[in-house]
Amino acid sequence: MLAIISVLCATTTGQVACPTVISELTPCANFVTKLSPNPSPRCCDGVRDIVAMVKSQADRQAVCSCAKSVLSTLPNYDLNQIPKLGTTCGLSITLPPIYPNTDCSKVVMEALSLRDEREQ
């Protein structure tokens with residue numbers, strides 16, 4: 001979903017790489033633009049993978065910055081869809097909304113203990 005948001009692979013600096021975020025989240029584009037009422041299984045797998053990679057505040061900021069950049073290129077993305085990805089994908093996390101004016105230095109992802117609710 002164009003890197004729709006978030007977070008990627010740890011690099012030697014410990015930050016998630018934007019190309020990873022893009023690759024993992026591109027399948028979420030239809031959901032965030034409301035072309036699909038639910039995220040695809042590939043989208044949810046990407047969200048799950050990214051959440052598992054986020055280990056620090058620097059990772060969260062990197063994912064946010066990447067997502068913010070990519071989302072700005074999406075026509076008609078719904079600002080309210082990103083926070084829904086965690087629960088809609090069956091994860092017990094709260095993803096922050098990503099607005100054009102979001103300050104990525106203050107982004108917090110709550111409950112980053114990746115508990116997959118489908119396994120319960």
# chains A, B, ... in the order shown; residues from 1 in each chain; ligands from 1
call {"tool": "residues_around", "arguments": {"residues": "Ser105 (chain A)", "least_positions_apart": "6", "cutoff": "10 Å", "atoms": "only C-alpha atoms", "output": "MDAnalysis selection string"}}
result
chainID A and resid 57:58 60:62 64:65
call {"tool": "residues_around", "arguments": {"residues": "region 70-83 of chain A", "least_positions_apart": "3", "cutoff": "10 Å", "atoms": "only C-alpha atoms", "output": "JSON, numbers by chain"}}
result
{"A": [1, 2, 3, 4, 5, 6, 18, 21, 22, 26, 28, 29, 30, 31, 32, 33, 34, 35, 37, 38, 39, 64, 65, 66, 67, 86, 87, 88, 93, 94, 95, 96, 97, 98, 99, 100, 109]}
call {"tool": "write_last_selection", "arguments": {"atoms": "N, CA, C and O atoms", "output": "short mmCIF file (atom, residue, chain, number, x, y, z; two decimals), in the first residue's frame"}}
result
data_model
loop_
_atom_site.label_atom_id
_atom_site.label_comp_id
_atom_site.auth_asym_id
_atom_site.auth_seq_id
_atom_site.Cartn_x
_atom_site.Cartn_y
_atom_site.Cartn_z
N MET A 1 0.84 -1.16 0.00
CA MET A 1 0.00 0.00 0.00
C MET A 1 0.86 1.20 0.00
O MET A 1 0.60 2.13 0.67
N LEU A 2 1.82 1.15 -0.72
CA LEU A 2 2.79 2.17 -0.94
C LEU A 2 3.51 2.47 0.31
O LEU A 2 3.84 3.60 0.56
N ALA A 3 3.74 1.51 1.00
CA ALA A 3 4.52 1.73 2.16
C ALA A 3 3.66 2.39 3.15
O ALA A 3 4.13 3.05 4.04
N ILE A 4 2.52 2.24 2.96
CA ILE A 4 1.52 2.93 3.67
C ILE A 4 1.83 3.38 5.04
O ILE A 4 1.19 4.23 5.51
N ILE A 5 2.54 2.77 5.64
CA ILE A 5 2.88 3.30 6.90
C ILE A 5 4.05 2.61 7.42
O ILE A 5 4.49 1.80 6.89
N SER A 6 4.45 2.58 8.06
CA SER A 6 5.13 2.10 9.04
C SER A 6 6.37 1.50 9.21
O SER A 6 7.15 2.24 9.43
N CYS A 18 12.57 2.16 4.96
CA CYS A 18 11.35 2.55 4.25
C CYS A 18 10.99 1.57 3.13
O CYS A 18 9.82 1.24 2.98
N VAL A 21 8.99 -1.16 4.62
CA VAL A 21 7.65 -0.71 5.00
C VAL A 21 6.76 -0.69 3.77
O VAL A 21 5.63 -1.17 3.78
N ILE A 22 7.29 -0.15 2.70
CA ILE A 22 6.52 -0.07 1.45
C ILE A 22 6.13 -1.45 0.97
O ILE A 22 4.98 -1.71 0.63
N THR A 26 2.14 -2.29 1.04
CA THR A 26 1.50 -2.02 -0.24
C THR A 26 0.18 -2.77 -0.39
O THR A 26 -0.80 -2.21 -0.90
N CYS A 28 -2.05 -3.08 1.59
CA CYS A 28 -3.08 -2.41 2.39
C CYS A 28 -3.69 -1.20 1.68
O CYS A 28 -4.63 -0.58 2.20
N ALA A 29 -3.21 -0.86 0.50
CA ALA A 29 -3.67 0.34 -0.20
C ALA A 29 -5.18 0.35 -0.42
O ALA A 29 -5.84 1.37 -0.22
N ASN A 30 -5.74 -0.76 -0.83
CA ASN A 30 -7.19 -0.80 -1.08
C ASN A 30 -7.99 -0.55 0.20
O ASN A 30 -9.06 0.05 0.16
N PHE A 31 -7.47 -1.02 1.32
CA PHE A 31 -8.18 -0.81 2.58
C PHE A 31 -8.10 0.65 3.02
O PHE A 31 -9.12 1.24 3.39
N VAL A 32 -6.92 1.27 2.95
CA VAL A 32 -6.80 2.65 3.43
C VAL A 32 -7.46 3.65 2.49
O VAL A 32 -7.78 4.76 2.91
N THR A 33 -7.70 3.26 1.26
CA THR A 33 -8.42 4.14 0.33
C THR A 33 -9.90 3.75 0.25
O THR A 33 -10.63 4.29 -0.57
N LYS A 34 -10.31 2.83 1.07
CA LYS A 34 -11.69 2.35 1.18
C LYS A 34 -12.22 1.71 -0.09
O LYS A 34 -13.42 1.69 -0.34
N LEU A 35 -11.31 1.16 -0.90
CA LEU A 35 -11.76 0.39 -2.05
C LEU A 35 -12.15 -1.02 -1.63
O LEU A 35 -12.79 -1.74 -2.38
N PRO A 37 -13.56 -3.15 2.01
CA PRO A 37 -14.04 -2.94 3.38
C PRO A 37 -13.15 -3.58 4.44
O PRO A 37 -13.21 -3.20 5.61
N ASN A 38 -12.32 -4.53 4.03
CA ASN A 38 -11.44 -5.22 4.98
C ASN A 38 -10.04 -5.33 4.38
O ASN A 38 -9.89 -5.46 3.16
N PRO A 39 -9.02 -5.34 5.24
CA PRO A 39 -7.67 -5.54 4.73
C PRO A 39 -7.51 -6.98 4.23
O PRO A 39 -8.12 -7.90 4.76
N CYS A 64 6.65 5.76 10.80
CA CYS A 64 5.74 6.89 10.67
C CYS A 64 6.16 7.80 9.53
O CYS A 64 5.34 8.18 8.68
N SER A 65 7.43 8.15 9.49
CA SER A 65 7.92 9.05 8.43
C SER A 65 7.75 8.45 7.05
O SER A 65 7.34 9.14 6.11
N CYS A 66 8.03 7.19 6.93
CA CYS A 66 7.86 6.51 5.65
C CYS A 66 6.38 6.49 5.27
O CYS A 66 6.01 6.82 4.14
N ALA A 67 5.54 6.10 6.19
CA ALA A 67 4.11 6.02 5.93
C ALA A 67 3.55 7.40 5.56
O ALA A 67 2.76 7.53 4.63
N GLY A 86 -4.75 -2.57 13.01
CA GLY A 86 -4.40 -3.52 14.06
C GLY A 86 -5.55 -4.43 14.45
O GLY A 86 -5.45 -5.65 14.37
N THR A 87 -6.64 -3.82 14.85
CA THR A 87 -7.78 -4.63 15.31
C THR A 87 -8.44 -5.39 14.16
O THR A 87 -8.85 -6.53 14.35
N THR A 88 -8.53 -4.78 12.99
CA THR A 88 -9.15 -5.45 11.86
C THR A 88 -8.33 -6.65 11.42
O THR A 88 -8.87 -7.63 10.92
N ILE A 93 -3.05 -4.31 19.00
CA ILE A 93 -2.21 -3.12 18.96
C ILE A 93 -3.09 -1.95 18.52
O ILE A 93 -4.13 -2.16 17.90
N THR A 94 -2.64 -0.77 18.84
CA THR A 94 -3.32 0.43 18.37
C THR A 94 -2.32 1.20 17.54
O THR A 94 -1.30 1.67 18.06
N LEU A 95 -2.58 1.29 16.24
CA LEU A 95 -1.72 2.08 15.37
C LEU A 95 -2.20 3.52 15.40
O LEU A 95 -3.41 3.77 15.37
N PRO A 96 -1.28 4.46 15.42
CA PRO A 96 -1.70 5.86 15.43
C PRO A 96 -2.18 6.31 14.06
O PRO A 96 -1.74 5.76 13.04
N PRO A 97 -3.07 7.28 14.01
CA PRO A 97 -3.44 7.84 12.71
C PRO A 97 -2.23 8.57 12.14
O PRO A 97 -1.39 9.06 12.89
N ILE A 98 -2.13 8.62 10.83
CA ILE A 98 -1.04 9.34 10.17
C ILE A 98 -1.68 10.45 9.34
O ILE A 98 -2.26 10.20 8.29
N TYR A 99 -1.58 11.67 9.84
CA TYR A 99 -2.13 12.83 9.16
C TYR A 99 -1.01 13.57 8.44
O TYR A 99 0.17 13.38 8.78
N PRO A 100 -1.33 14.42 7.49
CA PRO A 100 -0.28 15.18 6.81
C PRO A 100 0.57 16.00 7.77
O PRO A 100 1.76 16.23 7.52
N MET A 109 3.07 3.65 19.40
CA MET A 109 2.22 2.51 19.08
C MET A 109 1.97 1.80 20.39
O MET A 109 2.90 1.34 21.03
#
call {"tool": "closest_residue", "arguments": {"among": "A:Cys43, A:Val63, A:Leu85, A:Leu25", "to": "Val107 (chain A)", "atoms": "only C-alpha atoms"}}
result
A:Val63
call {"tool": "atom_distance", "arguments": {"atom1": "CA of Met53 (chain A)", "atom2": "CA of Gln15 (chain A)"}}
result
9.1 Å
call {"tool": "select_by_dssp", "arguments": {"residues": "region 8-120 of chain A", "states": "strand (DSSP E or B)", "output": "PyMOL selection string"}}
result
chain A and resi 10+16+91+94+110+116
